[in-house]
Each structure stands twice: as C-alpha cells, then as structure tokens.
file structure.txt (compact mmCIF, C-alpha atoms)
# COMPACT_ATOMS: atom_id res chain seq x y z
CA MET Z 1 25.73 82.96 -57.47
CA THR Z 2 29.52 83.02 -57.71
CA PRO Z 3 31.68 82.13 -60.69
CA VAL Z 4 33.55 78.87 -60.83
CA THR Z 5 37.19 79.40 -59.91
CA THR Z 6 40.10 77.32 -58.78
CA GLU Z 7 39.59 78.57 -55.25
CA GLY Z 8 37.50 76.94 -52.52
CA ALA Z 9 37.74 73.31 -51.57
CA ALA Z 10 40.72 72.64 -53.78
CA ALA Z 11 42.67 75.43 -52.14
CA THR Z 12 41.83 74.51 -48.55
CA ALA Z 13 42.66 70.83 -48.77
CA PRO Z 14 46.12 69.37 -49.42
CA ALA Z 15 46.61 68.16 -52.98
CA GLY Z 16 47.49 64.66 -51.82
CA SER Z 17 44.35 64.41 -49.74
CA ALA Z 18 42.18 65.55 -52.66
CA LYS Z 19 43.77 62.98 -54.96
CA ARG Z 20 43.23 60.20 -52.44
CA ALA Z 21 39.59 61.21 -52.10
CA LEU Z 22 39.17 61.19 -55.88
CA LEU Z 23 40.82 57.78 -56.20
CA GLY Z 24 38.62 56.46 -53.42
CA ARG Z 25 35.44 57.61 -55.15
CA LEU Z 26 36.59 56.26 -58.51
CA SER Z 27 37.55 52.95 -56.90
CA TRP Z 28 34.09 52.52 -55.44
CA GLY Z 29 32.66 53.46 -58.82
CA LEU Z 30 34.71 50.78 -60.53
CA ALA Z 31 33.75 48.26 -57.85
CA ASP Z 32 30.07 49.10 -58.28
CA GLN Z 33 30.29 48.79 -62.04
CA ALA Z 34 32.09 45.46 -61.65
CA ALA Z 35 29.23 44.19 -59.47
CA SER Z 36 26.65 45.49 -61.94
CA SER Z 37 28.55 44.04 -64.90
CA MET Z 38 28.84 40.66 -63.27
CA SER Z 39 25.12 40.54 -62.47
CA ASN Z 40 24.17 41.49 -66.04
CA PHE Z 41 26.68 39.03 -67.46
CA VAL Z 42 25.48 36.14 -65.31
CA VAL Z 43 21.82 36.85 -66.10
CA GLY Z 44 22.52 36.99 -69.82
CA ILE Z 45 24.62 33.82 -69.84
CA TYR Z 46 22.13 31.92 -67.71
CA VAL Z 47 19.18 32.92 -69.88
CA ALA Z 48 21.07 32.21 -73.13
CA ARG Z 49 22.05 28.73 -71.99
CA SER Z 50 18.59 27.97 -70.59
CA LEU Z 51 16.46 29.20 -73.50
CA GLY Z 52 18.46 29.04 -76.74
CA VAL Z 53 19.03 31.71 -79.36
CA THR Z 54 15.42 32.45 -80.42
CA ALA Z 55 13.93 32.72 -76.92
CA PHE Z 56 17.02 34.65 -75.85
CA GLY Z 57 16.20 37.08 -78.65
CA VAL Z 58 12.75 37.61 -77.09
CA PHE Z 59 14.38 38.27 -73.71
CA SER Z 60 16.74 40.72 -75.42
CA LEU Z 61 13.80 42.68 -76.84
CA ALA Z 62 12.47 43.13 -73.30
CA TRP Z 63 15.97 44.08 -72.15
CA VAL Z 64 16.41 46.87 -74.74
CA THR Z 65 12.91 48.15 -73.95
CA TYR Z 66 13.94 48.40 -70.31
CA GLY Z 67 16.94 50.39 -71.52
CA VAL Z 68 14.64 52.96 -73.13
CA VAL Z 69 12.54 53.34 -69.97
CA LEU Z 70 15.67 53.50 -67.81
CA ASN Z 71 16.98 56.40 -69.86
CA VAL Z 72 13.67 58.23 -69.58
CA SER Z 73 13.99 57.95 -65.81
CA ARG Z 74 17.63 59.03 -65.83
CA GLY Z 75 16.99 62.04 -68.04
CA LEU Z 76 14.10 63.35 -65.93
CA ALA Z 77 15.12 62.25 -62.45
CA THR Z 78 18.75 61.38 -61.83
CA ASP Z 79 20.88 63.10 -64.49
CA PRO Z 80 19.90 66.56 -63.17
CA LEU Z 81 20.54 65.23 -59.65
CA VAL Z 82 24.18 64.31 -60.30
CA VAL Z 83 24.86 67.57 -62.17
CA ARG Z 84 23.33 69.88 -59.57
CA PHE Z 85 23.54 68.00 -56.28
CA SER Z 86 26.99 66.37 -56.31
CA GLY Z 87 29.03 67.37 -53.28
CA VAL Z 88 26.37 69.69 -51.79
CA PRO Z 89 25.31 69.94 -48.12
CA GLU Z 90 23.49 66.85 -46.86
CA ALA Z 91 20.20 68.64 -46.24
CA SER Z 92 20.05 69.81 -49.88
CA TRP Z 93 21.02 66.34 -51.10
CA ARG Z 94 18.36 64.55 -49.01
CA GLY Z 95 15.55 66.81 -50.19
CA ALA Z 96 16.63 66.44 -53.82
CA VAL Z 97 16.98 62.65 -53.54
CA ALA Z 98 13.48 62.25 -52.08
CA ARG Z 99 11.97 64.07 -55.05
CA SER Z 100 14.31 62.55 -57.64
CA SER Z 101 13.71 58.96 -56.49
CA GLY Z 102 9.98 59.68 -56.34
CA THR Z 103 10.15 60.84 -59.94
CA ALA Z 104 11.93 57.61 -60.95
CA LEU Z 105 9.28 55.56 -59.17
CA GLY Z 106 6.51 57.48 -60.92
CA VAL Z 107 8.12 56.98 -64.32
CA GLY Z 108 8.37 53.24 -63.61
CA ALA Z 109 4.71 53.01 -62.63
CA ALA Z 110 3.44 55.00 -65.62
CA LEU Z 111 5.54 53.33 -68.31
CA GLY Z 112 5.20 49.95 -66.60
CA ALA Z 113 1.43 50.22 -67.05
CA VAL Z 114 1.98 50.92 -70.76
CA CYS Z 115 4.24 47.86 -71.12
CA LEU Z 116 1.69 45.71 -69.30
CA LEU Z 117 -1.14 46.77 -71.61
CA VAL Z 118 1.00 46.32 -74.73
CA GLY Z 119 2.09 42.87 -73.57
CA LEU Z 120 -1.46 41.73 -72.89
CA GLY Z 121 -2.44 42.96 -76.33
CA LEU Z 122 0.41 41.19 -78.12
CA GLY Z 123 0.08 37.79 -76.45
CA GLY Z 124 2.50 34.92 -77.02
CA ARG Z 125 6.04 34.79 -75.67
CA VAL Z 126 6.83 38.37 -76.65
CA GLY Z 127 3.64 39.67 -75.07
CA ALA Z 128 4.21 37.75 -71.85
CA ALA Z 129 7.75 39.10 -71.58
CA PHE Z 130 6.55 42.69 -72.02
CA ALA Z 131 3.69 42.27 -69.55
CA CYS Z 132 6.09 40.97 -66.90
CA LEU Z 133 8.51 43.80 -67.67
CA GLY Z 134 5.72 46.27 -66.95
CA VAL Z 135 5.15 44.71 -63.53
CA VAL Z 136 8.80 44.96 -62.44
CA LEU Z 137 9.74 48.35 -63.93
CA PRO Z 138 9.10 50.46 -60.78
CA GLY Z 139 11.54 48.38 -58.73
CA LEU Z 140 14.16 48.39 -61.48
CA LEU Z 141 14.08 52.18 -61.85
CA LEU Z 142 14.10 52.87 -58.12
CA GLN Z 143 17.16 50.65 -57.66
CA ASP Z 144 18.97 52.59 -60.39
CA ALA Z 145 17.95 55.91 -58.78
CA TRP Z 146 19.62 54.92 -55.50
CA ARG Z 147 22.89 54.26 -57.31
CA PHE Z 148 22.90 57.75 -58.83
CA SER Z 149 21.96 59.27 -55.49
CA PHE Z 150 24.80 57.60 -53.61
CA PHE Z 151 27.40 58.64 -56.17
CA ALA Z 152 26.14 62.22 -56.11
CA ALA Z 153 26.80 62.19 -52.36
CA GLY Z 154 30.26 60.70 -52.87
CA THR Z 155 29.28 57.47 -51.06
CA GLY Z 156 29.87 54.97 -53.83
CA ARG Z 157 30.34 52.21 -51.26
CA LYS Z 158 26.60 52.23 -50.63
CA ALA Z 159 25.89 51.86 -54.36
CA PHE Z 160 28.28 48.91 -54.46
CA VAL Z 161 26.57 47.24 -51.50
CA ASN Z 162 23.17 47.81 -53.09
CA ASP Z 163 24.28 46.10 -56.30
CA LEU Z 164 25.67 43.22 -54.24
CA VAL Z 165 22.26 42.81 -52.60
CA TRP Z 166 20.68 42.64 -56.06
CA GLY Z 167 23.23 40.03 -57.13
CA VAL Z 168 22.59 37.87 -54.07
CA ALA Z 169 18.82 38.09 -54.58
CA LEU Z 170 19.28 37.09 -58.23
CA VAL Z 171 20.63 33.64 -57.36
CA PRO Z 172 17.47 32.00 -55.97
CA ALA Z 173 15.30 33.98 -58.38
CA MET Z 174 17.18 32.62 -61.42
CA VAL Z 175 17.03 29.07 -60.08
CA VAL Z 176 13.24 29.30 -59.77
CA ALA Z 177 12.96 30.85 -63.25
CA ALA Z 178 15.05 28.04 -64.76
CA ARG Z 179 12.65 25.47 -63.33
CA VAL Z 180 9.73 27.29 -64.97
CA GLY Z 181 11.71 27.57 -68.21
CA SER Z 182 10.00 30.57 -69.84
CA VAL Z 183 11.13 34.03 -70.92
CA ALA Z 184 8.45 35.62 -68.71
CA ALA Z 185 9.75 33.80 -65.63
CA PHE Z 186 13.27 35.10 -66.20
CA VAL Z 187 12.01 38.68 -66.63
CA LEU Z 188 10.05 38.42 -63.37
CA ALA Z 189 13.04 36.93 -61.53
CA TRP Z 190 15.35 39.67 -62.79
CA GLY Z 191 12.95 42.46 -61.81
CA ALA Z 192 11.87 40.99 -58.47
CA SER Z 193 15.48 40.76 -57.28
CA ALA Z 194 15.98 44.41 -58.27
CA ALA Z 195 12.96 45.33 -56.14
CA VAL Z 196 14.69 43.73 -53.14
CA ALA Z 197 17.72 45.98 -53.69
CA ALA Z 198 15.46 49.00 -54.24
CA ALA Z 199 13.79 48.41 -50.86
CA TYR Z 200 17.19 48.06 -49.23
CA GLY Z 201 18.20 51.40 -50.76
CA CYS Z 202 15.51 53.07 -48.66
CA VAL Z 203 17.11 51.54 -45.57
CA GLN Z 204 20.62 52.60 -46.62
CA SER Z 205 19.69 56.20 -47.30
CA GLY Z 206 17.03 56.67 -44.65
CA ILE Z 207 15.01 58.46 -47.34
CA ARG Z 208 11.52 57.61 -48.51
CA PRO Z 209 10.84 58.40 -52.20
CA ARG Z 210 8.27 61.17 -52.67
CA PRO Z 211 6.29 60.59 -55.88
CA ALA Z 212 4.15 63.61 -54.91
CA GLY Z 213 7.27 65.77 -55.33
CA ALA Z 214 7.81 64.66 -58.93
CA ARG Z 215 5.89 67.57 -60.43
CA GLY Z 216 7.96 70.12 -58.52
CA TRP Z 217 11.19 68.32 -59.40
CA LEU Z 218 10.34 68.28 -63.11
CA ARG Z 219 9.46 71.97 -63.02
CA GLU Z 220 12.68 72.96 -61.22
CA GLN Z 221 14.94 70.85 -63.45
CA ARG Z 222 13.18 71.44 -66.77
CA ASP Z 223 16.10 73.38 -68.28
CA LEU Z 224 18.28 70.25 -68.05
CA GLY Z 225 15.81 67.42 -67.59
CA TYR Z 226 13.89 67.65 -70.83
CA ARG Z 227 17.03 67.99 -72.95
CA TYR Z 228 18.59 65.04 -71.14
CA LEU Z 229 15.35 63.13 -71.67
CA VAL Z 230 15.52 63.62 -75.44
CA GLU Z 231 19.23 62.85 -75.43
CA ASN Z 232 18.87 59.65 -73.40
CA VAL Z 233 15.80 58.38 -75.21
CA SER Z 234 17.44 58.97 -78.59
CA LEU Z 235 20.31 56.75 -77.40
CA SER Z 236 18.24 53.89 -76.04
CA GLY Z 237 15.54 54.35 -78.67
CA ALA Z 238 18.17 53.92 -81.36
CA SER Z 239 19.24 50.65 -79.75
CA GLN Z 240 15.64 49.48 -79.65
CA LEU Z 241 14.94 50.48 -83.26
CA ARG Z 242 18.08 48.70 -84.36
CA ALA Z 243 17.05 45.55 -82.44
CA TYR Z 244 13.51 45.56 -83.83
CA GLY Z 245 14.72 46.36 -87.35
CA LEU Z 246 17.41 43.68 -87.23
CA GLY Z 247 14.80 41.17 -86.06
CA ALA Z 248 12.56 42.11 -88.98
CA ILE Z 249 15.39 41.99 -91.54
CA ALA Z 250 17.49 39.05 -90.34
CA GLY Z 251 15.22 37.29 -87.80
CA VAL Z 252 14.93 37.27 -84.01
CA GLY Z 253 17.93 34.92 -83.85
CA ALA Z 254 20.09 37.77 -85.15
CA VAL Z 255 19.04 39.88 -82.17
CA GLY Z 256 20.08 37.04 -79.89
CA ALA Z 257 23.45 36.78 -81.69
CA VAL Z 258 24.16 40.49 -81.19
CA ARG Z 259 23.15 40.29 -77.54
CA GLY Z 260 25.38 37.25 -77.08
CA ALA Z 261 28.37 39.12 -78.50
CA GLU Z 262 27.55 42.07 -76.25
CA LEU Z 263 27.65 39.74 -73.26
CA LEU Z 264 31.22 38.82 -74.16
CA LEU Z 265 32.05 42.53 -73.92
CA GLY Z 266 29.70 42.92 -70.98
CA PRO Z 267 32.07 44.49 -68.43
CA PHE Z 268 32.75 47.46 -70.69
CA LEU Z 269 29.21 47.84 -72.01
CA ALA Z 270 27.87 47.94 -68.46
CA VAL Z 271 30.47 50.53 -67.50
CA LEU Z 272 29.52 52.67 -70.50
CA MET Z 273 25.81 52.41 -69.71
CA GLY Z 274 26.31 53.58 -66.16
CA LEU Z 275 29.38 55.74 -66.65
CA SER Z 276 27.68 58.92 -65.51
CA LEU Z 277 27.32 57.38 -62.04
CA VAL Z 278 31.01 58.12 -61.49
CA THR Z 279 32.26 60.44 -64.19
CA VAL Z 280 29.69 63.22 -64.27
CA PRO Z 281 29.88 63.91 -60.50
CA GLU Z 282 33.68 63.79 -60.67
CA ALA Z 283 33.82 66.01 -63.76
CA ALA Z 284 31.54 68.48 -61.97
CA ARG Z 285 33.94 68.51 -59.01
CA VAL Z 286 36.92 69.07 -61.33
CA LEU Z 287 35.06 71.95 -62.98
CA ARG Z 288 34.35 73.61 -59.63
CA GLN Z 289 37.86 73.15 -58.27
CA ALA Z 290 40.18 73.32 -61.31
CA PRO Z 291 38.29 74.04 -64.55
CA HIS Z 292 41.50 74.18 -66.61
CA ARG Z 293 41.98 70.44 -65.91
CA LEU Z 294 38.57 69.31 -67.19
CA GLY Z 295 39.74 68.59 -70.74
CA ALA Z 296 42.66 66.43 -69.59
CA PHE Z 297 40.41 64.62 -67.11
CA CYS Z 298 37.92 63.76 -69.87
CA LEU Z 299 40.67 62.63 -72.26
CA LEU Z 300 42.16 60.34 -69.62
CA LEU Z 301 38.70 58.96 -68.93
CA GLY Z 302 37.78 58.32 -72.56
CA GLY Z 303 41.21 57.05 -73.60
CA GLY Z 304 41.31 54.61 -70.70
CA GLN Z 305 37.89 53.22 -71.62
CA ALA Z 306 38.81 52.82 -75.29
CA GLY Z 307 42.15 51.14 -74.56
CA ALA Z 308 40.61 48.71 -72.07
CA ALA Z 309 37.87 47.75 -74.54
CA LEU Z 310 40.44 47.02 -77.27
CA LEU Z 311 42.50 44.87 -74.92
CA TRP Z 312 39.44 42.90 -73.82
CA GLY Z 313 38.31 42.34 -77.42
CA ALA Z 314 41.78 41.17 -78.40
CA ALA Z 315 41.73 38.68 -75.52
CA LEU Z 316 38.41 37.24 -76.76
CA LEU Z 317 39.64 36.47 -80.29
CA PRO Z 318 41.69 33.34 -79.46
CA VAL Z 319 38.99 31.82 -77.24
CA PRO Z 320 38.42 28.22 -78.47
CA ASP Z 321 34.96 27.18 -79.65
CA ARG Z 322 34.67 24.58 -76.90
CA LEU Z 323 35.07 27.24 -74.21
CA GLY Z 324 32.77 29.66 -76.03
CA GLU Z 325 30.03 27.05 -76.26
CA LEU Z 326 30.47 26.30 -72.57
CA VAL Z 327 29.67 29.96 -71.84
CA LEU Z 328 27.01 30.83 -74.43
CA GLY Z 329 25.80 27.44 -75.58
CA SER Z 330 24.19 27.48 -79.04
CA VAL Z 331 24.49 31.28 -79.19
CA TRP Z 332 28.31 31.15 -79.40
CA PRO Z 333 28.87 30.35 -83.14
CA SER Z 334 26.87 33.37 -84.33
CA ALA Z 335 28.09 35.68 -81.56
CA ALA Z 336 31.79 34.87 -82.12
CA GLN Z 337 31.64 36.33 -85.63
CA LEU Z 338 30.74 39.75 -84.23
CA ILE Z 339 33.55 40.21 -81.69
CA VAL Z 340 35.78 42.44 -83.86
CA PRO Z 341 33.17 44.99 -84.99
CA LEU Z 342 31.56 45.14 -81.55
CA THR Z 343 34.97 45.70 -79.93
CA LEU Z 344 35.68 48.63 -82.25
CA GLY Z 345 32.24 50.06 -81.56
CA VAL Z 346 32.69 49.81 -77.79
CA ALA Z 347 36.15 51.42 -78.02
CA GLY Z 348 34.69 54.32 -80.02
CA ALA Z 349 31.86 54.72 -77.54
CA GLY Z 350 34.32 54.63 -74.64
CA LEU Z 351 36.34 57.45 -76.14
CA GLY Z 352 33.19 59.49 -76.68
CA THR Z 353 31.95 59.06 -73.12
CA GLY Z 354 34.89 61.07 -71.82
CA ALA Z 355 33.75 64.07 -73.86
CA ALA Z 356 30.12 63.44 -72.93
CA ALA Z 357 30.98 63.62 -69.21
CA GLY Z 358 32.65 66.97 -69.78
CA LEU Z 359 29.64 68.39 -71.60
CA ARG Z 360 27.32 67.18 -68.84
CA ALA Z 361 29.50 68.75 -66.15
CA LEU Z 362 29.51 72.04 -68.07
CA GLY Z 363 25.72 71.92 -68.30
CA ALA Z 364 26.07 72.25 -72.09
CA ALA Z 365 22.80 70.43 -72.69
CA ARG Z 366 22.27 71.86 -76.18
CA ARG Z 367 25.67 70.68 -77.39
CA SER Z 368 25.34 67.22 -75.84
CA LEU Z 369 21.85 66.88 -77.32
CA ARG Z 370 23.14 67.66 -80.81
CA CYS Z 371 25.92 65.10 -80.38
CA GLN Z 372 23.55 62.41 -79.15
CA LEU Z 373 21.04 62.96 -81.95
CA PHE Z 374 23.86 62.63 -84.48
CA ALA Z 375 25.14 59.47 -82.79
CA SER Z 376 21.67 57.92 -82.58
CA ALA Z 377 20.89 58.59 -86.22
CA GLY Z 378 24.19 57.03 -87.23
CA TYR Z 379 23.61 54.03 -84.98
CA VAL Z 380 20.22 53.25 -86.51
CA GLY Z 381 21.29 54.05 -90.06
CA GLY Z 382 24.52 52.07 -89.86
CA GLY Z 383 22.93 49.15 -88.04
CA LEU Z 384 19.95 48.72 -90.35
CA GLY Z 385 21.77 49.69 -93.54
CA GLY Z 386 24.47 47.16 -92.76
CA ALA Z 387 21.82 44.51 -92.03
CA VAL Z 388 20.24 45.04 -95.44
CA LEU Z 389 23.63 44.75 -97.16
CA ALA Z 390 25.26 41.94 -95.19
CA GLY Z 391 22.93 40.58 -92.50
CA THR Z 392 23.96 40.40 -88.85
CA ALA Z 393 27.68 40.98 -89.48
CA GLY Z 394 26.93 43.97 -91.71
CA SER Z 395 24.79 45.48 -88.99
CA ALA Z 396 27.63 45.14 -86.46
CA TRP Z 397 30.15 46.79 -88.81
CA GLY Z 398 27.72 49.59 -89.62
CA VAL Z 399 27.24 50.35 -85.93
CA ALA Z 400 31.02 50.31 -85.35
CA ALA Z 401 31.62 52.86 -88.10
CA ALA Z 402 28.83 55.11 -86.82
CA THR Z 403 30.08 54.96 -83.23
CA VAL Z 404 33.66 55.89 -84.09
CA SER Z 405 32.43 58.81 -86.23
CA SER Z 406 30.14 60.12 -83.50
CA SER Z 407 33.00 60.03 -80.98
CA ALA Z 408 34.82 62.64 -83.08
CA VAL Z 409 31.73 64.85 -82.97
CA TRP Z 410 31.55 64.61 -79.16
CA TRP Z 411 35.14 65.79 -78.83
CA LEU Z 412 34.72 68.67 -81.26
CA GLN Z 413 31.75 69.90 -79.25
CA LEU Z 414 33.61 69.57 -75.95
CA ARG Z 415 36.53 71.59 -77.32
CA SER Z 416 34.16 74.38 -78.33
CA ALA Z 417 32.38 74.27 -74.95
CA LEU Z 418 35.67 74.46 -73.06
CA ARG Z 419 36.68 77.52 -75.05
CA GLU Z 420 33.37 79.17 -74.26
CA ASN Z 421 33.72 78.35 -70.57
CA GLY Z 422 37.23 79.83 -70.54
CA ARG Z 423 35.87 83.13 -71.85
CA ASN Z 424 32.72 83.11 -69.70
CA PRO Z 425 33.06 80.98 -66.55
CA ILE Z 426 29.71 79.40 -65.74
CA PRO Z 427 28.07 80.06 -62.37
CA GLU Z 428 27.91 77.36 -59.78
CA GLU Z 429 24.81 75.21 -60.04
CA ARG Z 430 22.17 75.93 -57.46
CA THR Z 431 22.06 73.55 -54.52
CA THR Z 432 18.68 74.36 -53.02
call {"tool": "encode", "arguments": {"input": "structure.txt", "output": "structure tokens"}}
result
Amino acid sequence: MTPVTTEGAAATAPAGSAKRALLGRLSWGLADQAASSMSNFVVGIYVARSLGVTAFGVFSLAWVTYGVVLNVSRGLATDPLVVRFSGVPEASWRGAVARSSGTALGVGAALGAVCLLVGLGLGGRVGAAFACLGVVLPGLLLQDAWRFSFFAAGTGRKAFVNDLVWGVALVPAMVVAARVGSVAAFVLAWGASAAVAAAYGCVQSGIRPRPAGARGWLREQRDLGYRYLVENVSLSGASQLRAYGLGAIAGVGAVGAVRGAELLLGPFLAVLMGLSLVTVPEAARVLRQAPHRLGAFCLLLGGGQAGAALLWGAALLPVPDRLGELVLGSVWPSAAQLIVPLTLGVAGAGLGTGAAAGLRALGAARRSLRCQLFASAGYVGGGLGGAVLAGTAGSAWGVAAATVSSSAVWWLQLRSALRENGRNPIPEERTT
C-alpha cells in the first residue's frame, strides 16, 4: 500500500494529454446519459399518452420499485467496483467485473422472484405490473452493471453503444405494447428490450457474469458495499415511500402528475440517477493524481448540474398548453403546476451530487451514509407533510425544501472529509 500523492500517472503524462483524456471520458459519459435520458423520456411520454394519468400512475409505482431494486444492486455490486477498480490493470478489472455483474444478476433474480410473488398476490393492474417487473428485473440490472463496468475501465463509448442498443430494441417493443394497451405489456416491453442490451454487453466485454462469485465479492467488498446498500436503498426507498404515501393521501393520479413533471425534467433527473457512472471514477482519478484539486472538481461538477437544471426549468415555464398536451396528453395540466418546485429540487440535488462524488471517491462511506439518511428522511417528511397540507403541489414544495437543505449537509461533510484527508492521506484502494 502506498499513500496517495500527486506523483505517478499525472506526473508522467503531459498536462494537455491528461485534460484531453478527461474531457473524452466525460464526453462519452454525457453522451451515454443523453441516450439513457432520451430512452427514459420516450418511454414515459409514450406510456403517459397511451394509458392516461391513472394507469400511468400504476406504471410509475412499478418504475419507482425498480429504482429501489436498482440501488440495491448498485450498492452491493457496482458502486464498490467503480471506487476500487477504476483505472486498474485489465486483468484485475475483468475478474472484478465477472463477479460484480454476477452479483447484479443474482440480486435481480432474487428480488425479481419477490416482486413476482407479490404481484400474483395483489392481482389487478397493480399486481400484473409488479409480476411483470419481477420477470424482467435480472435483465434490467445486468444492463446497468455493464454501464458501470465500462465507465470504471474508462471506455464510456461502450456504455453509450449499449444504451443505444436498448433504445433501438425499445421501438418495436413499445409498438407491440401499445397494441396490447395494458400497463403490464409496457413493463414487459421495457424490460425485454433491456435484456437485449444486457446480452449485447456480454459480447462487448467478452466477460460472462459469474453469479457463483457473488458470495466472494460481497465478502471482499463488505466494508463499502453494505454501507452503500443502506445509503442507496434509503434514497430509492424514500422515493417509493413518498410515491405510495402520495397515492394514499392524494390518489394514484397525483403520482402520475409528479411522474409527468419529472419527465419534463427528465434529462437532468436521468443524469443525477446515473451520475456515479462518470463522476465517481473521475473523482477517484483526481484523488489519486492531484488530491488538492478534488474539492474544486466537485464544486464545478455540482454547480454545473444545478445551473443547467435551473436553465432547463426556466425554459419549460413559457411552454404553451397546446404543446404540453401534445407531449403529455391529459397528464400535462396537473404536471405543469409542479415545474417550479421540481426544478428547485433537481437543482439542489445536482449541487449535492458534486459533494457526494467526492465522498465516494474518498471512501468516506460513514459520512456519505449519514448525509443520505438525512436527505432521505427529509424527502419523505417534506413530501408527505406537504401532501397533507396542500396536496400534490404541497408535496412537491416540501421535497424541494428538503433537497436544498440536504445539499448543504453533503457539502459540510465533504469539507470535513477533505480536511481529514489532507492530514492523513488515504492509501490507494486495492486492485486485486
């Protein structure tokens, strides 16, 4: 083990070359997120227009449940991968990816079986949607695992191509689902197209997932994995609790209205959801090469996200109702009322993600866990408290206030962690 210094790769490569490499990796990250955002946006719009606000609310419940399972997989399988195996020798990366992707596949199979049983027990439209979600979860999680793996290796182009394959496969799948006209059909179409991209990821990487290696992976990464699991699940679990609670307080249509407004901000929400694909590996590289620049890197990252979200939200305000209804159909009138609070919430979250990337790169899992638990509690409390006081709009404003407050907590914790790292430089993460 050797301490992190400013020596090494940064010293042996020209500064201009290093900057071009960084810009290249970030560019592929942005391109990949654009492809992912567009796919999510098109799916949401297509389903909203095809099913109406109530059925779209049912689809949204399945969507947020997928978000919880996705974050379980990321916490156990791929978050430790990008922290510890970014920019390492190829042999180390390939062995880690085989076990990490196998872990993601195992999580999808286990939790997919739970969703299937719950869906069969519930029955009706909600039950059918959850049963179908259970069937497609393994493919969805494996596709996401390939994206993390490619960014850890610095080959974001492959992640971009994989998302393009998913988008192409979505087109015929959505057409078939529209002919069937049910929530369950759309869930199956969405997941089946992801399975196509997941299979293609095996071809791209030349790696076969090893579910049998999941136990060893979990044991080796337990110091980070279980904290990241709690952190991630608290985030997505808060979103799910807010959705379920809002449905109980204001009706399932309110869930559809919130999801419709989120679709209008979709490019930035998708970037925030998958931000660690690009930022955590890059923050880890900055830490290894020039640790004194990590704070500025995170501030630039978070500030850019927040500013872009505010600009996008401002551009949505003058959109005429006729155009809005063309995009969202009957969901537009209720969604349009939530643009301002959701924009402020996304801007606050964007600012906080810069600090979160820094804490992940530092391996400060305890600090990031405390921040996430605070943010999740505020999200649920603000969202449901606001719903009780003022319905759907109150819920959106409550979430915005909680998100901006939690962003301040993230930055306070990063400042403390940077001071600690300056006094006691952390050792390089193991790569074998």
call {"tool": "atom_distance", "arguments": {"input": "structure.txt", "atom1": "CA of Leu51 (chain Z)", "atom2": "CA of Val183 (chain Z)"}}
result
7.6 Å
call {"tool": "closest_residue", "arguments": {"input": "structure.txt", "among": "Z:Ala110, Z:Ala185, Z:Val255, Z:Val230", "to": "Arg370 (chain Z)", "atoms": "only C-alpha atoms"}}
result
Z:Val230
call {"tool": "residues_around", "arguments": {"input": "structure.txt", "residues": "region 101-107 of chain Z", "least_positions_apart": "4", "cutoff": "9 Å", "atoms": "only C-alpha atoms", "output": "ChimeraX atom specification"}}
result
/Z:69-70,72-74,76-78,96-97,111-112,137-142,144-146,149,208-215,217-218
call {"tool": "residues_around", "arguments": {"input": "structure.txt", "residues": "region 304-317 of chain Z", "least_positions_apart": "2", "cutoff": "10 Å", "atoms": "all atoms listed in the file", "output": "ChimeraX atom specification"}}
result
/Z:264-265,267-269,271-272,298-302,319-320,324,336-337,339-354
call {"tool": "residues_around", "arguments": {"input": "structure.txt", "residues": "Ile207 (chain Z)", "least_positions_apart": "4", "cutoff": "8 Å", "atoms": "all atoms listed in the file", "output": "VMD selection string"}}
result
chain Z and resid 94 97 to 98 202 to 203
